[in-house]
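A.B. asks: As input, take entry_6.cif (mmCIF, C-alpha atoms):
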```cif
data_run
#
loop_
_atom_site.label_atom_id
_atom_site.label_comp_id
_atom_site.auth_asym_id
_atom_site.auth_seq_id
_atom_site.Cartn_x
_atom_site.Cartn_y
_atom_site.Cartn_z
CA MET Y 1 -30.76 -21.42 0.98
CA LEU Y 2 -26.96 -21.45 1.33
CA ARG Y 3 -26.60 -23.48 -1.86
CA TYR Y 4 -28.88 -21.04 -3.67
CA LEU Y 5 -26.84 -18.04 -2.48
CA LEU Y 6 -23.57 -19.70 -3.48
CA ASP Y 7 -24.90 -20.65 -6.91
CA THR Y 8 -26.17 -17.12 -7.41
CA PHE Y 9 -22.86 -15.57 -6.36
CA TRP Y 10 -20.76 -17.94 -8.50
CA ASN Y 11 -23.03 -17.55 -11.51
CA GLU Y 12 -21.09 -18.59 -14.61
CA ASP Y 13 -22.68 -15.81 -16.64
CA VAL Y 14 -21.07 -13.30 -14.29
CA TRP Y 15 -17.65 -14.80 -13.71
CA LEU Y 16 -16.84 -16.52 -16.97
CA PRO Y 17 -16.92 -15.66 -20.68
CA PRO Y 18 -19.82 -17.02 -22.77
CA ASN Y 19 -19.96 -20.77 -23.42
CA THR Y 20 -17.57 -21.47 -20.52
CA THR Y 21 -18.46 -23.35 -17.33
CA TRP Y 22 -16.67 -23.86 -14.04
CA GLU Y 23 -16.20 -27.47 -15.01
CA ASP Y 24 -14.26 -26.37 -18.09
CA ILE Y 25 -11.60 -24.60 -16.01
CA LYS Y 26 -11.73 -26.81 -12.93
CA PRO Y 27 -8.25 -28.06 -11.92
CA GLY Y 28 -7.71 -31.74 -12.45
CA PRO Y 29 -5.21 -34.33 -13.70
CA ASP Y 30 -7.24 -34.87 -16.86
CA LYS Y 31 -6.95 -31.24 -17.99
CA VAL Y 32 -4.52 -30.12 -20.70
CA VAL Y 33 -3.32 -27.13 -18.64
CA VAL Y 34 -3.08 -26.40 -14.91
CA TYR Y 35 -5.99 -24.09 -14.09
CA ASN Y 36 -6.15 -21.70 -11.14
CA ASP Y 37 -7.83 -23.07 -8.03
CA HIS Y 38 -9.99 -20.43 -6.32
CA ARG Y 39 -9.52 -22.21 -2.97
CA HIS Y 40 -5.87 -21.20 -3.03
CA LEU Y 41 -6.92 -17.61 -2.35
CA LEU Y 42 -7.14 -18.59 1.33
CA TYR Y 43 -3.42 -19.42 1.46
CA PRO Y 44 -2.18 -15.80 1.49
CA ILE Y 45 -4.04 -15.01 4.74
CA PRO Y 46 -2.00 -17.32 7.03
CA LEU Y 47 1.04 -16.57 4.89
CA ALA Y 48 0.51 -12.87 5.70
CA PHE Y 49 1.09 -13.60 9.39
CA VAL Y 50 4.27 -15.45 8.45
CA LEU Y 51 5.45 -12.31 6.65
CA ILE Y 52 4.53 -10.17 9.68
CA ALA Y 53 6.59 -12.46 11.93
CA LEU Y 54 9.46 -12.45 9.44
CA ARG Y 55 9.29 -8.67 9.27
CA HIS Y 56 9.41 -8.43 13.06
CA LEU Y 57 12.53 -10.59 13.19
CA ILE Y 58 14.31 -8.77 10.37
CA GLU Y 59 13.46 -5.33 11.75
CA ASN Y 60 14.62 -6.17 15.26
CA TYR Y 61 17.74 -8.20 14.47
CA TRP Y 62 18.89 -6.65 11.22
CA PHE Y 63 17.44 -3.25 10.37
CA ALA Y 64 17.41 -1.86 13.93
CA PRO Y 65 21.12 -2.59 14.58
CA PHE Y 66 21.97 -1.31 11.11
CA GLY Y 67 19.98 1.86 11.71
CA LYS Y 68 21.70 2.44 15.03
CA SER Y 69 25.08 2.02 13.34
CA LEU Y 70 24.03 4.87 11.03
CA GLY Y 71 23.36 7.05 14.05
CA ILE Y 72 19.55 6.85 13.99
CA LYS Y 73 18.10 7.43 17.45
CA ASN Y 74 15.50 5.21 19.06
CA THR Y 75 14.47 7.81 21.61
CA ARG Y 76 11.04 9.29 22.08
CA SER Y 77 10.01 12.69 23.32
CA LYS Y 78 9.78 13.48 27.01
CA LYS Y 79 6.62 12.04 28.57
CA ALA Y 80 3.84 14.39 29.54
CA PRO Y 81 2.80 14.41 33.23
CA ILE Y 82 -0.27 12.30 33.99
CA ILE Y 83 -3.33 14.57 34.25
CA PRO Y 84 -6.49 12.43 33.94
CA LYS Y 85 -8.85 15.14 32.67
CA LEU Y 86 -6.38 16.32 30.02
CA GLU Y 87 -5.73 12.72 29.02
CA ALA Y 88 -9.45 12.06 28.65
CA ALA Y 89 -9.87 15.14 26.45
CA TYR Y 90 -6.84 14.13 24.40
CA GLN Y 91 -8.20 10.62 23.80
CA GLU Y 92 -11.58 12.03 22.83
CA CYS Y 93 -9.97 14.31 20.24
CA SER Y 94 -8.02 11.35 18.85
CA LYS Y 95 -11.15 9.28 18.38
CA ILE Y 96 -13.09 12.04 16.65
CA LYS Y 97 -10.45 13.68 14.47
CA HIS Y 98 -7.81 10.95 14.09
CA LYS Y 99 -5.27 13.59 15.14
CA GLN Y 100 -4.33 15.08 18.45
CA PHE Y 101 -5.25 18.74 18.95
CA PHE Y 102 -7.39 20.83 21.28
CA SER Y 103 -9.60 23.64 20.08
CA ARG Y 104 -9.27 27.13 21.54
CA GLU Y 105 -12.52 26.60 23.45
CA GLN Y 106 -11.24 23.33 24.93
CA ILE Y 107 -8.00 24.94 26.04
CA CYS Y 108 -9.79 27.76 27.82
CA ALA Y 109 -12.28 25.40 29.47
CA LEU Y 110 -9.61 22.92 30.60
CA ALA Y 111 -7.34 25.65 31.91
CA LYS Y 112 -10.18 27.14 33.95
CA HIS Y 113 -11.38 23.77 35.23
CA LEU Y 114 -7.91 22.53 36.24
CA ASP Y 115 -6.69 25.87 37.56
CA MET Y 116 -3.91 25.95 34.97
CA THR Y 117 -2.80 28.59 32.54
CA GLU Y 118 -3.57 28.21 28.86
CA ARG Y 119 0.17 28.06 28.24
CA GLN Y 120 0.50 25.06 30.58
CA VAL Y 121 -2.33 23.23 28.81
CA GLU Y 122 -0.71 23.90 25.44
CA ARG Y 123 2.67 22.72 26.67
CA TRP Y 124 1.12 19.48 28.03
CA TRP Y 125 -0.70 18.98 24.73
CA ARG Y 126 2.54 19.23 22.72
CA LEU Y 127 4.35 16.81 25.03
CA ARG Y 128 1.48 14.33 24.98
CA ARG Y 129 1.21 14.41 21.20
CA SER Y 130 4.95 13.96 20.75
CA GLN Y 131 4.79 11.00 23.11
CA ASP Y 132 2.66 9.07 20.60
CA LYS Y 133 5.03 9.61 17.72
CA PRO Y 134 7.14 6.58 16.76
CA SER Y 135 10.89 6.98 16.95
CA THR Y 136 12.93 7.64 13.83
CA LEU Y 137 14.44 4.17 14.10
CA VAL Y 138 10.99 2.54 14.02
CA LYS Y 139 10.09 4.44 10.85
CA PHE Y 140 13.45 3.61 9.29
CA CYS Y 141 12.94 -0.11 9.94
CA GLU Y 142 9.44 -0.04 8.46
CA ASN Y 143 10.65 1.59 5.24
CA ALA Y 144 13.70 -0.68 5.02
CA TRP Y 145 11.45 -3.75 5.24
CA ARG Y 146 9.20 -2.53 2.46
CA CYS Y 147 12.17 -1.56 0.31
CA ILE Y 148 13.68 -5.05 0.66
CA PHE Y 149 10.37 -6.74 -0.13
CA TYR Y 150 9.67 -4.62 -3.20
CA LEU Y 151 13.22 -5.23 -4.41
CA TYR Y 152 12.73 -8.98 -4.00
CA SER Y 153 9.26 -8.93 -5.58
CA PHE Y 154 10.36 -6.89 -8.60
CA SER Y 155 13.49 -8.99 -9.12
CA TYR Y 156 11.55 -12.24 -8.84
CA GLY Y 157 8.87 -10.89 -11.19
CA VAL Y 158 11.43 -9.95 -13.85
CA PHE Y 159 13.14 -13.33 -13.45
CA ILE Y 160 10.01 -15.45 -13.93
CA LEU Y 161 8.35 -13.26 -16.57
CA TRP Y 162 11.40 -12.76 -18.76
CA ASP Y 163 10.64 -15.83 -20.85
CA LYS Y 164 6.85 -15.40 -20.75
CA GLU Y 165 5.34 -14.39 -24.08
CA TRP Y 166 2.82 -11.93 -22.59
CA LEU Y 167 5.61 -9.75 -21.17
CA TRP Y 168 6.66 -8.88 -24.72
CA ASP Y 169 3.27 -9.15 -26.44
CA ILE Y 170 0.44 -8.03 -24.18
CA ASP Y 171 -2.18 -9.48 -26.54
CA GLN Y 172 -1.07 -12.92 -25.33
CA CYS Y 173 -2.87 -12.12 -22.07
CA TYR Y 174 -6.14 -12.66 -23.97
CA ILE Y 175 -5.33 -15.01 -26.83
CA GLY Y 176 -6.49 -18.48 -25.82
CA TYR Y 177 -8.28 -17.21 -22.71
CA PRO Y 178 -9.56 -18.72 -20.41
CA HIS Y 179 -7.60 -21.89 -21.14
CA GLN Y 180 -4.26 -20.49 -19.96
CA GLY Y 181 -2.38 -22.62 -17.50
CA VAL Y 182 -0.60 -21.33 -14.40
CA THR Y 183 2.97 -22.44 -13.67
CA SER Y 184 4.44 -22.91 -10.21
CA ASP Y 185 6.54 -19.74 -10.43
CA ILE Y 186 3.47 -17.64 -11.27
CA TRP Y 187 1.57 -19.37 -8.46
CA TRP Y 188 4.20 -18.34 -5.90
CA TYR Y 189 4.38 -14.82 -7.32
CA TYR Y 190 0.63 -14.41 -6.79
CA MET Y 191 0.49 -16.04 -3.37
CA ILE Y 192 3.41 -14.09 -1.88
CA SER Y 193 2.25 -10.78 -3.38
CA SER Y 194 -1.28 -11.33 -2.07
CA ALA Y 195 0.11 -12.26 1.35
CA PHE Y 196 2.21 -9.09 1.43
CA TYR Y 197 -0.79 -6.85 0.80
CA TRP Y 198 -2.81 -8.77 3.37
CA SER Y 199 0.03 -8.18 5.84
CA LEU Y 200 0.05 -4.45 5.04
CA THR Y 201 -3.71 -4.31 5.57
CA PHE Y 202 -3.37 -5.93 9.00
CA SER Y 203 -0.24 -4.10 10.14
CA GLN Y 204 -1.50 -0.71 8.97
CA PHE Y 205 -3.45 -0.41 12.22
CA TRP Y 206 -0.31 -0.50 14.36
CA ASP Y 207 2.29 0.85 11.93
CA VAL Y 208 3.28 4.51 11.71
CA ARG Y 209 0.04 6.45 11.25
CA ARG Y 210 -0.16 8.26 7.90
CA LYS Y 211 -2.41 11.10 6.84
CA ASP Y 212 -3.39 9.02 3.82
CA PHE Y 213 -4.40 6.12 6.07
CA TRP Y 214 -7.75 5.53 4.37
CA GLN Y 215 -6.38 6.01 0.85
CA MET Y 216 -3.81 3.32 1.63
CA PHE Y 217 -6.47 1.10 3.19
CA VAL Y 218 -8.55 1.38 -0.01
CA HIS Y 219 -5.38 0.78 -2.06
CA HIS Y 220 -4.57 -2.46 -0.20
CA LEU Y 221 -8.14 -3.75 -0.44
CA ALA Y 222 -8.35 -2.82 -4.12
CA THR Y 223 -5.07 -4.61 -4.79
CA ILE Y 224 -6.22 -7.74 -2.94
CA ALA Y 225 -9.56 -7.65 -4.78
CA LEU Y 226 -7.73 -7.16 -8.07
CA LEU Y 227 -5.48 -10.15 -7.43
CA SER Y 228 -8.43 -12.27 -6.29
CA PHE Y 229 -10.62 -11.38 -9.27
CA SER Y 230 -7.84 -12.01 -11.75
CA TRP Y 231 -7.03 -15.35 -10.09
CA VAL Y 232 -10.61 -16.62 -10.01
CA CYS Y 233 -11.24 -15.54 -13.60
CA ASN Y 234 -7.91 -16.95 -14.82
CA LEU Y 235 -6.69 -13.46 -15.73
CA HIS Y 236 -3.37 -14.01 -13.98
CA ARG Y 237 -1.31 -12.97 -17.00
CA ILE Y 238 -2.42 -9.33 -16.94
CA GLY Y 239 -2.28 -9.48 -13.15
CA THR Y 240 1.44 -10.31 -13.18
CA LEU Y 241 2.14 -7.31 -15.43
CA VAL Y 242 0.30 -5.00 -13.03
CA LEU Y 243 2.28 -6.38 -10.09
CA LEU Y 244 5.61 -5.99 -11.87
CA LEU Y 245 4.84 -2.43 -12.92
CA HIS Y 246 3.82 -1.34 -9.42
CA ASP Y 247 6.81 -2.81 -7.60
CA CYS Y 248 9.35 -0.94 -9.70
CA ALA Y 249 8.98 2.62 -8.37
CA ASP Y 250 8.14 1.55 -4.81
CA ILE Y 251 11.70 0.29 -4.30
CA PHE Y 252 13.05 3.82 -4.67
CA LEU Y 253 10.20 5.36 -2.69
CA GLU Y 254 11.03 3.33 0.42
CA ALA Y 255 14.78 3.74 -0.11
CA ALA Y 256 14.44 7.53 -0.31
CA LYS Y 257 12.53 7.69 2.97
CA ALA Y 258 14.97 5.36 4.72
CA ALA Y 259 17.85 7.56 3.53
CA LYS Y 260 16.00 10.62 4.83
CA TYR Y 261 15.68 9.09 8.30
CA ALA Y 262 19.38 8.19 8.24
CA ASN Y 263 20.26 11.83 7.39
CA TYR Y 264 21.85 10.90 4.06
CA GLN Y 265 20.32 13.94 2.42
CA LYS Y 266 22.20 13.92 -0.90
CA PHE Y 267 21.59 10.21 -1.39
CA CYS Y 268 17.93 10.79 -0.51
CA ASP Y 269 17.66 13.56 -3.11
CA VAL Y 270 19.14 11.36 -5.83
CA ILE Y 271 16.88 8.40 -4.98
CA PHE Y 272 13.85 10.66 -4.75
CA THR Y 273 14.58 12.06 -8.20
CA ILE Y 274 14.85 8.54 -9.65
CA PHE Y 275 11.63 7.59 -7.87
CA THR Y 276 9.73 10.60 -9.23
CA VAL Y 277 10.79 9.87 -12.81
CA LEU Y 278 10.02 6.15 -12.48
CA TRP Y 279 6.67 6.85 -10.85
CA ILE Y 280 5.51 9.17 -13.62
CA VAL Y 281 6.79 6.86 -16.37
CA THR Y 282 5.25 3.69 -14.91
CA ARG Y 283 2.11 4.90 -13.11
CA LEU Y 284 1.02 7.69 -15.47
CA GLY Y 285 2.67 6.44 -18.64
CA ILE Y 286 2.94 2.68 -19.06
CA TYR Y 287 0.06 1.82 -16.74
CA PRO Y 288 -2.73 3.83 -18.41
CA PHE Y 289 -1.42 3.83 -21.98
CA PHE Y 290 -0.40 0.16 -22.16
CA ILE Y 291 -2.09 -1.82 -19.38
CA ILE Y 292 -5.47 -0.08 -19.13
CA TRP Y 293 -5.53 0.62 -22.88
CA SER Y 294 -4.97 -3.10 -23.40
CA THR Y 295 -7.67 -4.18 -20.93
CA SER Y 296 -10.16 -1.59 -22.21
CA ILE Y 297 -9.52 -1.58 -25.98
CA ARG Y 298 -7.61 -4.66 -27.06
CA ALA Y 299 -9.29 -7.20 -24.78
CA PRO Y 300 -12.83 -6.65 -26.17
CA MET Y 301 -11.37 -7.20 -29.66
CA LEU Y 302 -9.80 -10.54 -28.73
CA LEU Y 303 -12.32 -12.16 -26.39
CA PRO Y 304 -16.03 -11.88 -25.52
CA MET Y 305 -16.72 -9.67 -22.52
CA PHE Y 306 -18.41 -10.77 -19.29
CA ALA Y 307 -19.51 -9.07 -16.06
CA ALA Y 308 -16.52 -9.99 -13.89
CA TYR Y 309 -14.14 -8.57 -16.48
CA TYR Y 310 -15.76 -5.14 -16.12
CA ILE Y 311 -15.28 -5.37 -12.36
CA PHE Y 312 -11.65 -6.31 -12.90
CA ASN Y 313 -11.13 -3.38 -15.25
CA SER Y 314 -12.89 -1.01 -12.82
CA LEU Y 315 -10.40 -1.98 -10.11
CA LEU Y 316 -7.55 -1.17 -12.49
CA CYS Y 317 -9.10 2.25 -13.09
CA LEU Y 318 -9.51 2.77 -9.34
CA LEU Y 319 -5.78 2.24 -8.92
CA LEU Y 320 -5.17 4.81 -11.64
CA CYS Y 321 -7.25 7.35 -9.72
CA LEU Y 322 -5.14 6.73 -6.61
CA HIS Y 323 -2.02 7.14 -8.74
CA MET Y 324 -3.21 10.58 -9.81
CA VAL Y 325 -3.83 11.67 -6.23
CA TRP Y 326 -0.41 10.47 -5.10
CA THR Y 327 1.28 12.01 -8.13
CA TRP Y 328 -0.06 15.40 -7.10
CA LEU Y 329 1.39 14.92 -3.59
CA ILE Y 330 4.72 13.75 -5.02
CA LEU Y 331 4.96 16.75 -7.33
CA GLN Y 332 4.25 19.03 -4.37
CA VAL Y 333 7.18 17.49 -2.50
CA ALA Y 334 9.37 17.76 -5.61
CA TYR Y 335 8.46 21.45 -6.04
CA LYS Y 336 9.31 22.22 -2.42
CA ALA Y 337 12.53 20.21 -2.72
CA ILE Y 338 13.64 22.27 -5.73
CA ASN Y 339 12.95 25.49 -3.87
CA ALA Y 340 14.61 24.31 -0.66
CA GLY Y 341 17.53 22.61 -2.36
CA LYS Y 342 16.75 19.27 -0.74
CA MET Y 343 13.91 16.84 -0.32
CA GLU Y 344 11.80 18.07 2.59
CA GLY Y 345 8.44 16.77 3.61
CA ASP Y 346 6.42 13.68 3.03
CA ILE Y 347 6.44 11.41 0.02
CA ARG Y 348 3.06 10.31 -1.35
CA SER Y 349 1.42 11.51 1.88
CA SER Y 350 0.92 14.87 3.48
CA SER Y 351 2.37 13.75 6.76
CA SER Y 352 3.10 10.87 9.06
CA ASP Y 353 3.76 13.17 11.96
CA VAL Y 354 1.79 16.12 13.19
CA SER Y 355 3.27 19.58 13.30
CA ASP Y 356 4.53 20.70 16.66
CA SER Y 357 2.93 24.09 16.32
CA SER Y 358 0.77 25.34 19.16
CA PRO Y 359 -3.04 25.00 19.13
CA GLN Y 360 -3.41 28.63 18.12
CA SER Y 361 -1.70 27.95 14.82
CA ASN Y 362 -3.56 27.17 11.63
CA HIS Y 363 -4.05 23.39 11.50
CA SER Y 364 -4.24 23.41 7.72
CA THR Y 365 -0.59 24.41 7.48
CA PRO Y 366 1.34 21.62 5.71
CA ASN Y 367 3.56 19.60 8.03
CA ARG Y 368 7.22 19.08 7.19
CA VAL Y 369 7.98 15.41 7.61
CA ASN Y 370 9.40 12.52 5.70
CA ASN Y 371 6.97 9.67 5.39
CA LYS Y 372 4.53 8.32 2.81
CA LYS Y 373 1.46 6.48 2.08
CA ASP Y 374 1.92 2.89 0.26
CA LYS Y 375 1.68 2.57 -1.66
#
```
Is it possible to express this structure as structure tokens?
C.D. replies:
Amino acid sequence: MLRYLLDTFWNEDVWLPPNTTWEDIKPGPDKVVVYNDHRHLLYPIPLAFVLIALRHLIENYWFAPFGKSLGIKNTRSKKAPIIPKLEAAYQECSKIKHKQFFSREQICALAKHLDMTERQVERWWRLRRSQDKPSTLVKFCENAWRCIFYLYSFSYGVFILWDKEWLWDIDQCYIGYPHQGVTSDIWWYYMISSAFYWSLTFSQFWDVRRKDFWQMFVHHLATIALLSFSWVCNLHRIGTLVLLLHDCADIFLEAAKAAKYANYQKFCDVIFTIFTVLWIVTRLGIYPFFIIWSTSIRAPMLLPMFAAYYIFNSLLCLLLCLHMVWTWLILQVAYKAINAGKMEGDIRSSSSDVSDSSPQSNHSTPNRVNNKKDK
């Protein structure tokens, strides 16, 4: 039964172009080129934990001292007094709504039950919610880590792809497919990039909580699936172009947020402007009109289509949909920044912190913070 299920899943008619078998692209010393080995997709998972450990060391022994030297505080808000019934209600709200707030009915009921005034319940609620917020230094370190990684990844991608023919002629991603060998530099580019997105998927559950938590979760899984599909199907050439294009703007995104936390407002505004231009050019310009146009129009002209290719192309289109959502959020921040004279608010996310307004206030009011998705 297991063999039948595996054979059905790895059906050559689904995963490979016509007249191609797994044996044709199986790695081996007798092959003319070095083919991708699907078993190597397991390597990024343990490597992700190596990156998490490396991140922990760099944040604690490099970014944290650097952030403190810039005057970034590592202090949290004053702790709320321990009141079991209020704490239980607070935890219940967190589980249901993924944010911390009491309704007007809850406030009245809790105040009456605990012989407290509504004002006292509201004050406790604000203190308790602020208590869960990460310090500015923690958020600065998180963004600094991502900025450094994206800078490394983009630089390494440019370095290894500079002499690759498909960087300058995208049709080379399909000419000769699937008999396109993978070099060691491309192998490392794929493995480290996959490991990074695996690490983001794992660490997202204890990192700074974003309002676009689930969008980012879908983004990470879609990226991992995209890398895995392209690796298994030997479509690594187009995959490297997608990676290179996505890393470019993210460098400035993380740098702008780190500058915001460090109170370098003018520097933040300049970096944010560069980021906005790069984002629109790469994510809404080059990506749909070169990458997706190539995968959707040129590829069917140069090679026979197969089922897995449509899945691969659908994942690329899913990323484009996420780009559109985040572009709308970015333009909202840019519009407010122009009106305010500086970059205020979140980047690519409505908020990473919750407004400190009282429970009576309208909870749909946009929060003014400075964190993102994250990409």
A.B. asks: Of the candidates Y:Asn313, Y:Thr273, Y:Asn36, Y:Ser296, which one gets nearest to Y:Ile338 if we count all atoms listed in the file?
C.D. replies: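 Of Y:Asn313, Y:Thr273, Y:Asn36, Y:Ser296, the one nearest Y:Ile338 is Y:Thr273, counting all atoms listed in the file.
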A.B. asks: Fewer than 4 positions away in the same chain doesn't count, so skip those; otherwise give me all residues within 6 Å of stretch 174-187 of chain Y, counting only C-alpha atoms, as a list in words.
C.D. replies: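 Within the cut-off, the hits are Val33, Val34 and Tyr35 of chain Y.
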A.B. asks: Only C-alpha atoms, please: the residues just picked out, written as a short mmCIF file (atom, residue, chain, number, x, y, z; two decimals), keeping the file's coordinate frame.
C.D. replies:
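Final file, again34.cif:
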```
data_model
loop_
_atom_site.label_atom_id
_atom_site.label_comp_id
_atom_site.auth_asym_id
_atom_site.auth_seq_id
_atom_site.Cartn_x
_atom_site.Cartn_y
_atom_site.Cartn_z
CA VAL Y 33 -3.32 -27.13 -18.64
CA VAL Y 34 -3.08 -26.40 -14.91
CA TYR Y 35 -5.99 -24.09 -14.09
#
```
A.B. asks: Evaluate the PyMOL selection byres ((chain Y and resi 286-293) around 9) against this structure - the residues, as a ChimeraX atom specification, please.
C.D. replies: /Y:170,238,241-242,245-246,280-285,294-299,313,316-317,320
A.B. asks: Any chance you could work out the residue set of the PyMOL selection byres ((chain Y and resi 323) around 10) here, as a VMD selection string?
C.D. replies: chain Y and resid 219 279 to 280 283 to 284 287 317 to 322 324 to 329 348 375
A.B. asks: Go through Y:Lys257, Y:His56, Y:Arg123, Y:His220 one by one, measure the shortest atom-to-atom distance of each to Y:Tyr197 using all atoms listed in the file, and give the residue with the smallest value.
C.D. replies: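 Going through Y:Lys257, Y:His56, Y:Arg123, Y:His220 one by one, the smallest distance to Y:Tyr197 is for Y:His220.
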A.B. asks: Given the choices Y:Trp231, Y:Phe66, Y:Phe149, Y:Phe267, which gets closest to Y:His38 if the distance is worked out from only C-alpha atoms?
C.D. replies: Y:Trp231
A.B. asks: Please report the interatomic distance between atom CA of Y:Pro44 and atom CA of Y:Val232 in Å with one decimal.
C.D. replies: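 A separation of 14.3 Å between them.
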A.B. asks: What is the distance, in Å and to one decimal place, between atom CA of Y:Asn143 and atom CA of Y:Ala258?
C.D. replies: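 One can read the atom CA of Y:Asn143 to atom CA of Y:Ala258 distance as 5.8 Å.
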